[in-house]
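Q: First the structure, then my questions, so here it is.
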Amino acid sequence: MEALERALSARGLTVSWIPGKGRGLIAARDFSPGNVIISQEPFASSPSKFSSGSSCDRCFTSSNLRKCSGCRIVWYCGTGCQKLEWKLHRLECKAFAALSEDREKMLTPTVRLMAKLVLRRKLQNDLTFGFTSYYHLCFIVHLSHQDMSDLDEKQLILYAQMANLVKLVLPSLDIDLKEVAQNFSKISCNAHTICDSELRPLGTGLYPIISIINHSCIPNSVLVFEGQVAFVRALEPIKAGAEVMISYIETAATTNTRQDNLKQYFFTCSCPRCFKELKEDAILEGYRCKDKKCDGFLLHEVEKKSFTCQQCGLGRDENETTKVANEIEEMSKVVTAVLSAGNLSQASSLYKNFEQLQLNLLHPHSIKLLQTRETLLKVCMELNDWRRALQYCQLTIPVYQRVYQSNHPMVGLQYYTCGKLEWLLEKTEDALKSFTEAANILRITHGSTSPFMYELFSRLEEAQAEASYKRSALGERMITD
Ligand SMILES: [Zn+2]
Ligand SMILES: [Zn+2]
Ligand SMILES: [Zn+2]
Ligand SMILES: [Zn+2]
């Protein structure tokens with residue numbers, strides 16, 4: 001393993017353990033956009049159509065191909081590639097030649113890749129390969145993969161069947177079926193699709209060092225291939241100490257789709273892009289921190305049966321949250337019934353208790369709490385309770401700013417309501433601020449010539465006049481004092 005560390009350090013890289021992710025590749029020096037961070041030949045690879053004569057088994061080129069005269073299955077672009085591959089291919093060539101037509105069909109690219117991996121390892125055990133491949137081997141052994149016990153039965157059966165196929169196509173080799181099945185599970189999350197320059201897939205390869213690189217949906221690096229050689233280049237300036245990241249998937253997709261596509265790699269992405277939306281969801285639909293002064297958001301940790309605050313680390317027990325959630329559920333039936341019966345003053349006090357109950361469980365910016373406060377705002381307006389109406393109106397604004405993009409009319413309208421309430425309560429300066437915010441947004445969304453806007457502008461002017469009168473009156477009083 002030291003050899004690997006030396007080789008990486010010569011390139012300005014280190015491998016580190018990153019909490020929550022496992023290993024990752026870290027830049028030990030600065031990289032500029034376009035710099036090659038690392039390049040690597042595959043430890044084993046297979047063209048996706050190796051037996052159809054469409055690509056060379058060594059370099060993946062598609063021109064001037066000729067069949068191996070031994071097995072008549074694999075193709076090469078010339079004697080150069082054939083010679084380079086012969087050390088490995090001679091171990092399978094005879095076996096391939098002896099395959100019946102039925103068995104030949106079993107030789108899919110994945111089985112082929114595994115067969116090559118088995119052969120590679122055999123060669124290494126025989127020490128016919130040099131030391132550079134030795135550290136590949138170390139890494140193949142340590143490749144991160146999900147525990148076999150985590151796999152569902154269907155996958156286990158599939159891997160066992162594939163391991164059997166490898167044994168069938170390489171009958172002369174002493175193959176450990178369990179180990180091969182395990183390797184299939186590693187391959188499923190560590191293999192890279194080799195593409196041409198226009199990013200069309202050509203085959204699959206195992207690049208142990210490159211597989212250390214973690215995924216991000218907003219990666220700072222990109223993986224491209226020249227033939228079979230993989231190149232990782234910096235997309236943006238990468239500072240020493242930063243993690244090198246590539247994307248394993250198509251990133252032009254929603255968080256849900258991206259997370260779905262990442263399932264095959266057995267992890268949940270928590271890159272800033274996913275995290276932001278995850279955080280948004282956890283705030284809008286989730287629970288609040290046990291510490292009421294903390295506005296952190298909580299993520300469910302199923303195995304711990306708890307919801308953990310991502311800001312302060314405090315956990316909330318699943319049983320406790322379920323209990324409060326049930327109480328809320330029960331009370332929501334009561335409050336809606338009272339409200340639809342039209343009893344406003346009863347509804348007002350019940351909804352106030354309902355809001356307090358929700359506040360015990362829900363994040364202060366949660367949508368459900370927002371809806372309760374919107375109802376309270378309406379009820380208080382009907383009851384001419386301006387003071388409480390204003391209080392609820394003000395509480396809705398930060399959530400509006402969160403759920404609507406800037407300049408959304410809903411935000412402007414809510415500022416307008418706030419301003420009107422503040423005006424009624426003779427909070428002139430506050431009303432002036434709210435009318436100004438409302439006008440700035442609604443001018444964009446509603447134009448400035450409608451009666452609705454004229455009314456807003458005249459309220460704004462009135463507030464301006466009143467505010468400057470109050471300011472000057474205050475100034476005079478201060479002088480006389
Ligand atoms: Zn070739
Ligand atoms: Zn052959
Ligand atoms: Zn992501
Ligand atoms: Zn907290």
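Convention: chains lettered A, B, ... in structure tokens order; per-chain residue numbering from 1; ligands numbered from 1 as shown.
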Residues within 8 Å of ligand 2 (only C-alpha atoms and all ligand atoms), as number ranges by chain?
A: A: 67-74, 89-90, 92-94, 96-97
Q: Please identify the residues whose atoms come within 6 Å of ligand 4, using only C-alpha atoms and all ligand atoms, and report them as a PyMOL selection string.
A: chain A and resi 289+291+294+296+309+311-312+314
Q: May I have the residues within 12 Å of Lys427 of chain A as JSON, numbers by chain, using only C-alpha atoms and disregarding those fewer than 2 positions away in the same chain?
A: {"A": [386, 387, 390, 418, 419, 420, 421, 422, 423, 424, 425, 429, 430, 431, 432, 433, 434, 463, 466, 467, 470]}
Q: Compile the contact shell of segment 99-103 of chain A as a PyMOL selection string: residues with an atom at most 10 Å away, counting only C-alpha atoms, same-chain residues fewer than 5 positions apart removed.
A: chain A and resi 71+94+165+168-171
Q: Taking 5 positions as the minimum chain separation for residues in the same chain, which residues sit within 9 Å of Arg258 of chain A when counting only C-alpha atoms? Answer as a list in words.
A: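 So, after excluding close chain neighbours, the residues are Cys217, Ile249, Glu250, Thr251, Ala252, Ala253, Lys263, Cys269 and Cys274 of chain A.
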Q: Using only N, CA and C atoms, please write the residues we just selected to a file, as a compact mmCIF listing (two decimals), in the first residue's frame.
A:
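Written file, part-v8.txt:
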# COMPACT_ATOMS: atom_id res chain seq x y z
N CYS A 217 -22.89 15.60 -7.55
CA CYS A 217 -23.75 16.05 -8.65
C CYS A 217 -23.29 17.40 -9.19
N ILE A 249 -23.11 9.77 -12.73
CA ILE A 249 -24.39 9.70 -13.44
C ILE A 249 -24.62 10.96 -14.28
N GLU A 250 -25.67 10.94 -15.06
CA GLU A 250 -26.11 12.14 -15.78
C GLU A 250 -26.62 13.14 -14.74
N THR A 251 -26.02 14.32 -14.71
CA THR A 251 -26.41 15.25 -13.65
C THR A 251 -27.52 16.20 -14.07
N ALA A 252 -27.87 16.22 -15.37
CA ALA A 252 -28.99 17.06 -15.80
C ALA A 252 -30.29 16.35 -15.46
N ALA A 253 -30.58 16.28 -14.18
CA ALA A 253 -31.78 15.58 -13.71
C ALA A 253 -32.16 16.13 -12.35
N LYS A 263 -28.69 4.71 -6.88
CA LYS A 263 -28.97 3.55 -6.02
C LYS A 263 -28.06 2.37 -6.34
N CYS A 269 -26.36 10.36 -2.15
CA CYS A 269 -25.49 11.51 -2.38
C CYS A 269 -25.88 12.63 -1.42
N CYS A 274 -27.59 18.04 -3.81
CA CYS A 274 -28.60 17.13 -3.25
C CYS A 274 -28.95 17.57 -1.84
Q: Could you please extract the residues within 10 Å of ligand 3, counting only C-alpha atoms and all ligand atoms, and hand them back as a VMD selection string?
A: chain A and resid 215 to 219 247 249 251 254 to 256 258 to 259 262 268 to 278
Q: Go ahead and write the selection's residues with C-alpha atoms as a PDB file, in the first residue's frame.
A:
ATOM      1  CA  HIS A 215     -19.343  11.191  -6.689  1.00  0.00           C
ATOM      2  CA  SER A 216     -20.833  14.674  -6.647  1.00  0.00           C
ATOM      3  CA  CYS A 217     -23.754  16.047  -8.648  1.00  0.00           C
ATOM      4  CA  ILE A 218     -21.707  19.242  -9.012  1.00  0.00           C
ATOM      5  CA  PRO A 219     -18.303  17.657  -9.573  1.00  0.00           C
ATOM      6  CA  SER A 247     -20.062  12.440 -11.406  1.00  0.00           C
ATOM      7  CA  ILE A 249     -24.393   9.695 -13.439  1.00  0.00           C
ATOM      8  CA  THR A 251     -26.407  15.251 -13.650  1.00  0.00           C
ATOM      9  CA  THR A 254     -33.857  16.337 -10.658  1.00  0.00           C
ATOM     10  CA  THR A 255     -32.631  15.331  -7.220  1.00  0.00           C
ATOM     11  CA  ASN A 256     -35.073  12.418  -7.141  1.00  0.00           C
ATOM     12  CA  ARG A 258     -30.306  11.541  -9.568  1.00  0.00           C
ATOM     13  CA  GLN A 259     -30.778   9.761  -6.252  1.00  0.00           C
ATOM     14  CA  LEU A 262     -27.241   6.477  -7.764  1.00  0.00           C
ATOM     15  CA  THR A 268     -27.131   8.458  -0.917  1.00  0.00           C
ATOM     16  CA  CYS A 269     -25.491  11.511  -2.382  1.00  0.00           C
ATOM     17  CA  SER A 270     -25.170  14.405   0.018  1.00  0.00           C
ATOM     18  CA  CYS A 271     -23.381  16.823  -2.285  1.00  0.00           C
ATOM     19  CA  PRO A 272     -24.333  20.493  -1.837  1.00  0.00           C
ATOM     20  CA  ARG A 273     -26.808  20.160  -4.678  1.00  0.00           C
ATOM     21  CA  CYS A 274     -28.604  17.132  -3.246  1.00  0.00           C
ATOM     22  CA  PHE A 275     -28.094  18.321   0.288  1.00  0.00           C
ATOM     23  CA  LYS A 276     -29.653  21.683  -0.363  1.00  0.00           C
ATOM     24  CA  GLU A 277     -32.798  20.101  -1.694  1.00  0.00           C
ATOM     25  CA  LEU A 278     -32.708  17.404   0.970  1.00  0.00           C
TER      26      LEU A 278
END
Q: Check the smallest atom-to-atom distance from each of A:Leu84, A:Ile37, A:Met245, A:Val232 to ligand 1 using only C-alpha atoms and all ligand atoms, then report the winner.
A: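 Ranking A:Leu84, A:Ile37, A:Met245, A:Val232 by distance to ligand 1, first place goes to A:Leu84.
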Q: So, counting only C-alpha atoms, which residue among A:Thr108, A:Ser340, A:Ser458, A:Asn214 is closest to Val166 of chain A?
A: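 Among the listed residues, the smallest separation from Val166 of chain A belongs to A:Thr108.
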Q: Throw together the list of residues within 6 Å of ligand 1, counting only C-alpha atoms and all ligand atoms, and drop it here as a CSV table (one decimal) with N, CA and C atoms, in the first residue's frame.
A:
chain,number,residue,atom,x,y,z
A,56,CYS,N,-11.5,-3.6,-31.0
A,56,CYS,CA,-10.3,-4.3,-30.6
A,56,CYS,C,-10.4,-4.6,-29.1
A,58,ARG,N,-8.1,-4.8,-27.0
A,58,ARG,CA,-7.1,-4.1,-26.2
A,58,ARG,C,-7.3,-2.6,-26.2
A,59,CYS,N,-7.5,-2.0,-27.4
A,59,CYS,CA,-7.5,-0.5,-27.5
A,59,CYS,C,-8.9,0.0,-27.8
A,61,THR,N,-10.4,0.2,-30.5
A,61,THR,CA,-10.6,0.9,-31.8
A,61,THR,C,-11.5,0.0,-32.7
A,76,TYR,N,-8.7,-8.2,-32.7
A,76,TYR,CA,-7.6,-7.2,-32.4
A,76,TYR,C,-7.4,-6.3,-33.7
A,77,CYS,N,-6.9,-5.1,-33.4
A,77,CYS,CA,-6.7,-4.2,-34.5
A,77,CYS,C,-5.4,-4.5,-35.2
A,81,CYS,N,-1.6,-4.9,-30.6
A,81,CYS,CA,-2.5,-5.1,-29.5
A,81,CYS,C,-2.6,-6.5,-29.1
Q: DSSP on the backbone: what in segment 179-408 of chain A comes out helix (DSSP H, G or I), as a compact mmCIF listing (two decimals) with N, CA and C atoms, in the first residue's frame?
A:
# COMPACT_ATOMS: atom_id res chain seq x y z
N GLU A 179 -15.84 -16.08 -4.01
CA GLU A 179 -15.03 -14.89 -4.23
C GLU A 179 -15.44 -14.19 -5.53
N VAL A 180 -15.70 -15.00 -6.57
CA VAL A 180 -16.10 -14.41 -7.84
C VAL A 180 -17.45 -13.69 -7.70
N ALA A 181 -18.37 -14.33 -6.96
CA ALA A 181 -19.67 -13.69 -6.73
C ALA A 181 -19.49 -12.36 -6.01
N GLN A 182 -18.59 -12.35 -5.03
CA GLN A 182 -18.31 -11.10 -4.31
C GLN A 182 -17.73 -10.05 -5.24
N ASN A 183 -16.84 -10.52 -6.14
CA ASN A 183 -16.26 -9.57 -7.09
C ASN A 183 -17.31 -8.97 -8.02
N PHE A 184 -18.31 -9.77 -8.36
CA PHE A 184 -19.39 -9.22 -9.19
C PHE A 184 -20.08 -8.07 -8.47
N SER A 185 -20.26 -8.27 -7.16
CA SER A 185 -20.94 -7.21 -6.41
C SER A 185 -20.05 -5.97 -6.35
N LYS A 186 -18.72 -6.17 -6.30
CA LYS A 186 -17.81 -5.01 -6.31
C LYS A 186 -17.87 -4.32 -7.66
N ILE A 187 -17.84 -5.15 -8.72
CA ILE A 187 -17.87 -4.58 -10.06
C ILE A 187 -19.12 -3.74 -10.27
N SER A 188 -20.24 -4.22 -9.72
CA SER A 188 -21.49 -3.53 -9.99
C SER A 188 -21.44 -2.09 -9.50
N CYS A 189 -20.62 -1.80 -8.48
CA CYS A 189 -20.55 -0.40 -8.07
C CYS A 189 -19.20 0.25 -8.31
N ASN A 190 -18.24 -0.48 -8.84
CA ASN A 190 -16.92 0.13 -9.03
C ASN A 190 -16.43 0.17 -10.47
N ILE A 210 -9.12 5.14 -9.81
CA ILE A 210 -10.18 6.09 -10.16
C ILE A 210 -11.45 5.77 -9.38
N SER A 211 -11.62 4.49 -9.03
CA SER A 211 -12.84 4.16 -8.28
C SER A 211 -12.77 4.67 -6.83
N ILE A 212 -11.61 5.21 -6.43
CA ILE A 212 -11.55 5.84 -5.10
C ILE A 212 -12.28 7.18 -5.14
N THR A 255 -33.25 16.03 -8.35
CA THR A 255 -32.63 15.33 -7.22
C THR A 255 -33.17 13.91 -7.11
N ASN A 256 -34.49 13.75 -7.25
CA ASN A 256 -35.07 12.42 -7.14
C ASN A 256 -34.51 11.47 -8.16
N THR A 257 -34.47 11.92 -9.42
CA THR A 257 -33.95 11.06 -10.48
C THR A 257 -32.47 10.75 -10.21
N ARG A 258 -31.72 11.77 -9.83
CA ARG A 258 -30.31 11.54 -9.57
C ARG A 258 -30.13 10.53 -8.45
N GLN A 259 -30.91 10.68 -7.39
CA GLN A 259 -30.78 9.76 -6.25
C GLN A 259 -31.17 8.35 -6.68
N ASP A 260 -32.19 8.25 -7.55
CA ASP A 260 -32.59 6.94 -8.07
C ASP A 260 -31.46 6.29 -8.85
N ASN A 261 -30.85 7.11 -9.73
CA ASN A 261 -29.78 6.58 -10.57
C ASN A 261 -28.55 6.19 -9.76
N LEU A 262 -28.41 6.78 -8.60
CA LEU A 262 -27.24 6.48 -7.76
C LEU A 262 -27.44 5.23 -6.90
N LYS A 263 -28.69 4.71 -6.88
CA LYS A 263 -28.97 3.55 -6.02
C LYS A 263 -28.06 2.37 -6.34
N GLN A 264 -27.72 2.20 -7.65
CA GLN A 264 -26.87 1.08 -8.04
C GLN A 264 -25.49 1.17 -7.39
N TYR A 265 -25.10 2.34 -6.89
CA TYR A 265 -23.80 2.48 -6.23
C TYR A 265 -23.92 2.37 -4.72
N PRO A 272 -23.57 19.27 -2.13
CA PRO A 272 -24.33 20.49 -1.84
C PRO A 272 -25.64 20.57 -2.63
N ARG A 273 -25.60 20.07 -3.86
CA ARG A 273 -26.81 20.16 -4.68
C ARG A 273 -27.93 19.27 -4.14
N CYS A 274 -27.59 18.04 -3.81
CA CYS A 274 -28.60 17.13 -3.25
C CYS A 274 -28.95 17.57 -1.84
N PHE A 275 -27.92 17.99 -1.11
CA PHE A 275 -28.09 18.32 0.29
C PHE A 275 -29.01 19.51 0.44
N LYS A 276 -28.85 20.47 -0.44
CA LYS A 276 -29.65 21.68 -0.36
C LYS A 276 -31.12 21.31 -0.49
N GLU A 277 -31.41 20.46 -1.49
CA GLU A 277 -32.80 20.10 -1.69
C GLU A 277 -33.29 19.16 -0.61
N LEU A 278 -32.38 18.30 -0.13
CA LEU A 278 -32.71 17.40 0.97
C LEU A 278 -33.02 18.23 2.21
N LYS A 279 -32.18 19.25 2.41
CA LYS A 279 -32.34 20.13 3.56
C LYS A 279 -33.67 20.87 3.42
N GLU A 280 -33.94 21.36 2.22
CA GLU A 280 -35.20 22.06 1.99
C GLU A 280 -36.38 21.17 2.37
N ASP A 281 -36.34 19.91 1.87
CA ASP A 281 -37.42 18.97 2.16
C ASP A 281 -37.53 18.74 3.66
N ALA A 282 -36.35 18.58 4.30
CA ALA A 282 -36.35 18.27 5.74
C ALA A 282 -36.88 19.46 6.54
N ILE A 283 -36.75 20.65 6.00
CA ILE A 283 -37.28 21.82 6.69
C ILE A 283 -38.77 21.95 6.42
N LEU A 284 -39.15 21.84 5.17
CA LEU A 284 -40.54 22.08 4.78
C LEU A 284 -41.49 20.97 5.22
N VAL A 302 -32.98 5.68 10.49
CA VAL A 302 -33.85 4.53 10.72
C VAL A 302 -33.24 3.57 11.75
N GLU A 303 -31.93 3.28 11.57
CA GLU A 303 -31.32 2.27 12.45
C GLU A 303 -31.26 2.75 13.91
N LYS A 304 -31.18 4.08 14.09
CA LYS A 304 -31.14 4.61 15.46
C LYS A 304 -32.55 4.88 15.99
N GLU A 318 -37.99 8.41 17.95
CA GLU A 318 -39.07 8.10 17.02
C GLU A 318 -40.42 7.99 17.74
N ASN A 319 -40.42 7.34 18.94
CA ASN A 319 -41.67 7.14 19.68
C ASN A 319 -42.28 8.48 20.09
N GLU A 320 -41.40 9.38 20.54
CA GLU A 320 -41.87 10.69 20.99
C GLU A 320 -42.49 11.45 19.82
N THR A 321 -41.81 11.46 18.68
CA THR A 321 -42.33 12.20 17.53
C THR A 321 -43.65 11.58 17.03
N THR A 322 -43.72 10.25 17.06
CA THR A 322 -44.95 9.60 16.61
C THR A 322 -46.12 10.01 17.50
N LYS A 323 -45.84 10.07 18.80
CA LYS A 323 -46.89 10.42 19.76
C LYS A 323 -47.43 11.83 19.44
N VAL A 324 -46.51 12.80 19.28
CA VAL A 324 -46.96 14.17 19.00
C VAL A 324 -47.65 14.23 17.63
N ALA A 325 -47.10 13.49 16.66
CA ALA A 325 -47.71 13.49 15.32
C ALA A 325 -49.15 13.00 15.39
N ASN A 326 -49.39 11.98 16.21
CA ASN A 326 -50.76 11.46 16.36
C ASN A 326 -51.68 12.49 17.02
N GLU A 327 -51.15 13.17 18.04
CA GLU A 327 -51.95 14.21 18.70
C GLU A 327 -52.33 15.30 17.70
N ILE A 328 -51.37 15.68 16.86
CA ILE A 328 -51.63 16.71 15.86
C ILE A 328 -52.73 16.25 14.90
N GLU A 329 -52.59 15.01 14.46
CA GLU A 329 -53.55 14.42 13.55
C GLU A 329 -54.97 14.49 14.13
N GLU A 330 -55.10 14.10 15.40
CA GLU A 330 -56.40 14.12 16.08
C GLU A 330 -56.95 15.55 16.16
N MET A 331 -56.06 16.47 16.59
CA MET A 331 -56.53 17.84 16.81
C MET A 331 -56.89 18.51 15.50
N SER A 332 -56.21 18.13 14.42
CA SER A 332 -56.49 18.79 13.13
C SER A 332 -57.94 18.52 12.70
N LYS A 333 -58.45 17.32 13.05
CA LYS A 333 -59.84 17.00 12.71
C LYS A 333 -60.79 17.95 13.46
N VAL A 334 -60.47 18.16 14.75
CA VAL A 334 -61.33 19.01 15.58
C VAL A 334 -61.33 20.46 15.06
N VAL A 335 -60.11 21.00 14.83
CA VAL A 335 -60.05 22.42 14.44
C VAL A 335 -60.73 22.68 13.09
N THR A 336 -60.55 21.77 12.13
CA THR A 336 -61.20 22.00 10.84
C THR A 336 -62.72 21.94 10.97
N ALA A 337 -63.18 21.04 11.84
CA ALA A 337 -64.63 20.94 12.05
C ALA A 337 -65.19 22.23 12.63
N VAL A 338 -64.52 22.76 13.65
CA VAL A 338 -64.98 24.01 14.29
C VAL A 338 -64.95 25.17 13.29
N LEU A 339 -63.90 25.22 12.50
CA LEU A 339 -63.77 26.31 11.53
C LEU A 339 -64.87 26.23 10.47
N SER A 340 -65.13 25.01 9.97
CA SER A 340 -66.16 24.93 8.92
C SER A 340 -67.57 25.15 9.48
N LEU A 344 -66.01 31.48 14.65
CA LEU A 344 -64.69 32.09 14.48
C LEU A 344 -63.92 32.27 15.77
N SER A 345 -64.59 32.75 16.84
CA SER A 345 -63.79 33.00 18.04
C SER A 345 -63.32 31.69 18.68
N GLN A 346 -64.18 30.66 18.59
CA GLN A 346 -63.73 29.35 19.08
C GLN A 346 -62.59 28.82 18.21
N ALA A 347 -62.78 28.99 16.88
CA ALA A 347 -61.74 28.53 15.94
C ALA A 347 -60.43 29.24 16.23
N SER A 348 -60.52 30.55 16.51
CA SER A 348 -59.31 31.33 16.76
C SER A 348 -58.52 30.78 17.94
N SER A 349 -59.22 30.46 19.05
CA SER A 349 -58.45 29.98 20.20
C SER A 349 -57.99 28.53 20.02
N LEU A 350 -58.83 27.73 19.33
CA LEU A 350 -58.41 26.34 19.08
C LEU A 350 -57.19 26.29 18.15
N TYR A 351 -57.24 27.12 17.10
CA TYR A 351 -56.12 27.14 16.14
C TYR A 351 -54.84 27.61 16.81
N LYS A 352 -55.00 28.51 17.80
CA LYS A 352 -53.81 28.98 18.51
C LYS A 352 -53.17 27.82 19.26
N ASN A 353 -54.01 26.99 19.93
CA ASN A 353 -53.47 25.81 20.62
C ASN A 353 -52.88 24.81 19.62
N PHE A 354 -53.56 24.70 18.49
CA PHE A 354 -53.10 23.79 17.44
C PHE A 354 -51.71 24.22 16.94
N GLU A 355 -51.56 25.53 16.76
CA GLU A 355 -50.26 26.07 16.31
C GLU A 355 -49.17 25.73 17.33
N GLN A 356 -49.49 25.90 18.63
CA GLN A 356 -48.51 25.61 19.67
C GLN A 356 -48.14 24.12 19.69
N LEU A 357 -49.14 23.26 19.47
CA LEU A 357 -48.88 21.82 19.44
C LEU A 357 -47.97 21.48 18.25
N GLN A 358 -48.29 22.07 17.10
CA GLN A 358 -47.46 21.81 15.91
C GLN A 358 -46.03 22.29 16.13
N LEU A 359 -45.92 23.42 16.84
CA LEU A 359 -44.58 23.98 17.10
C LEU A 359 -43.70 23.05 17.92
N ASN A 360 -44.34 22.15 18.70
CA ASN A 360 -43.56 21.18 19.47
C ASN A 360 -42.87 20.18 18.56
N LEU A 361 -43.46 19.95 17.40
CA LEU A 361 -42.95 18.89 16.53
C LEU A 361 -42.31 19.42 15.24
N ILE A 367 -44.32 23.50 6.13
CA ILE A 367 -45.49 23.89 5.34
C ILE A 367 -46.78 23.76 6.15
N LYS A 368 -46.87 22.69 6.96
CA LYS A 368 -48.10 22.49 7.74
C LYS A 368 -48.31 23.62 8.74
N LEU A 369 -47.22 24.02 9.37
CA LEU A 369 -47.30 25.13 10.32
C LEU A 369 -47.67 26.42 9.58
N LEU A 370 -47.11 26.58 8.40
CA LEU A 370 -47.43 27.75 7.58
C LEU A 370 -48.93 27.81 7.30
N GLN A 371 -49.49 26.65 6.93
CA GLN A 371 -50.92 26.63 6.61
C GLN A 371 -51.77 26.99 7.82
N THR A 372 -51.37 26.49 9.00
CA THR A 372 -52.10 26.84 10.22
C THR A 372 -52.05 28.35 10.45
N ARG A 373 -50.88 28.94 10.24
CA ARG A 373 -50.73 30.37 10.49
C ARG A 373 -51.50 31.20 9.45
N GLU A 374 -51.56 30.69 8.22
CA GLU A 374 -52.37 31.37 7.20
C GLU A 374 -53.84 31.38 7.62
N THR A 375 -54.29 30.24 8.15
CA THR A 375 -55.68 30.19 8.63
C THR A 375 -55.88 31.16 9.79
N LEU A 376 -54.93 31.15 10.74
CA LEU A 376 -55.02 32.06 11.88
C LEU A 376 -55.05 33.52 11.43
N LEU A 377 -54.25 33.83 10.40
CA LEU A 377 -54.22 35.19 9.87
C LEU A 377 -55.61 35.58 9.37
N LYS A 378 -56.21 34.68 8.59
CA LYS A 378 -57.55 34.96 8.04
C LYS A 378 -58.59 35.13 9.15
N VAL A 379 -58.57 34.18 10.10
CA VAL A 379 -59.55 34.23 11.20
C VAL A 379 -59.39 35.52 12.00
N CYS A 380 -58.16 35.88 12.34
CA CYS A 380 -57.92 37.10 13.12
C CYS A 380 -58.35 38.35 12.35
N MET A 381 -58.17 38.34 11.02
CA MET A 381 -58.61 39.48 10.20
C MET A 381 -60.13 39.60 10.29
N GLU A 382 -60.80 38.45 10.15
CA GLU A 382 -62.27 38.46 10.23
C GLU A 382 -62.74 39.00 11.58
N TRP A 386 -56.29 42.94 14.72
CA TRP A 386 -55.15 43.31 13.86
C TRP A 386 -53.81 42.90 14.45
N ARG A 387 -53.72 42.99 15.77
CA ARG A 387 -52.43 42.73 16.40
C ARG A 387 -52.00 41.27 16.18
N ARG A 388 -52.92 40.34 16.44
CA ARG A 388 -52.57 38.93 16.23
C ARG A 388 -52.45 38.61 14.73
N ALA A 389 -53.32 39.24 13.93
CA ALA A 389 -53.23 39.00 12.48
C ALA A 389 -51.83 39.37 11.99
N LEU A 390 -51.33 40.51 12.44
CA LEU A 390 -50.00 40.96 12.02
C LEU A 390 -48.92 39.97 12.45
N GLN A 391 -49.07 39.49 13.68
CA GLN A 391 -48.11 38.53 14.21
C GLN A 391 -48.00 37.30 13.30
N TYR A 392 -49.17 36.76 12.88
CA TYR A 392 -49.15 35.56 12.03
C TYR A 392 -48.67 35.89 10.62
N CYS A 393 -49.05 37.08 10.15
CA CYS A 393 -48.62 37.48 8.81
C CYS A 393 -47.09 37.56 8.76
N GLN A 394 -46.51 38.16 9.80
CA GLN A 394 -45.05 38.29 9.85
C GLN A 394 -44.37 36.92 9.91
N LEU A 395 -45.01 35.97 10.61
CA LEU A 395 -44.41 34.63 10.72
C LEU A 395 -44.40 33.89 9.38
N THR A 396 -45.35 34.25 8.50
CA THR A 396 -45.41 33.52 7.22
C THR A 396 -44.33 34.00 6.23
N ILE A 397 -43.90 35.25 6.38
CA ILE A 397 -43.01 35.80 5.35
C ILE A 397 -41.68 35.04 5.16
N PRO A 398 -40.96 34.68 6.23
CA PRO A 398 -39.71 33.94 5.98
C PRO A 398 -39.95 32.61 5.25
N VAL A 399 -41.09 31.98 5.50
CA VAL A 399 -41.38 30.71 4.82
C VAL A 399 -41.71 30.99 3.35
N TYR A 400 -42.46 32.05 3.10
CA TYR A 400 -42.74 32.43 1.71
C TYR A 400 -41.45 32.68 0.95
N GLN A 401 -40.54 33.40 1.62
CA GLN A 401 -39.27 33.70 0.95
C GLN A 401 -38.49 32.43 0.65
N ARG A 402 -38.74 31.42 1.44
CA ARG A 402 -38.03 30.17 1.24
C ARG A 402 -38.66 29.36 0.11
N VAL A 403 -40.00 29.31 0.07
CA VAL A 403 -40.65 28.42 -0.91
C VAL A 403 -40.88 29.07 -2.27
Q: Would you list the contacts of Val222 of chain A as a list in words, taking every protein, DNA or RNA residue within 7 Å and counting only C-alpha atoms, but skipping same-chain residues closer than 5 positions in sequence?
A: Val232, Arg233, Ala234, Leu235 and Ile246 of chain A
Q: Grab the atom CA of Ile238 of chain A to atom CA of Ser32 of chain A distance for me, in Å with one decimal place.
A: 6.4 Å
Q: Compare A:Leu119, A:Val15, A:Ile26, A:Leu202 by their minimum atom-to-atom distance to Ser62 of chain A, counting only C-alpha atoms, and give me the closest one.
A: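 Looking at the shortest contact to Ser62 of chain A, the residue is A:Leu202.
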Q: Rank nothing, just name the residue among A:Ile194, A:Leu158, A:Leu442, A:Ile213 nearest to Phe60 of chain A, using only C-alpha atoms.
A: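 Result for the nearest residue to Phe60 of chain A: A:Ile194.
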Q: May I ask which of the residues A:Val411, A:Leu117, A:Leu173, A:Met162 is the closest one to Ser45 of chain A, counting only C-alpha atoms?
A: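 Of A:Val411, A:Leu117, A:Leu173, A:Met162, the one nearest Ser45 of chain A, counting only C-alpha atoms, is A:Leu117.
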Q: Out of A:Asp57, A:Glu243, A:Glu285, A:Glu5, which residue has the shortest atom-to-atom distance to Trp86 of chain A when counting only C-alpha atoms?
A: A:Asp57
Q: Just the strand (DSSP E or B) stuff from segment 37-208 of chain A, please, per backbone DSSP, written as a PyMOL selection string.
A: chain A and resi 37-40+44-47+66-67+75-76+191-195+201-206
Q: Between atom CA of Phe267 of chain A and atom CA of Arg23 of chain A, what is the distance in Å, rounded to a tenth?
A: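 Taking atom CA of Phe267 of chain A as the start and atom CA of Arg23 of chain A as the end point, the length is 13.1 Å.
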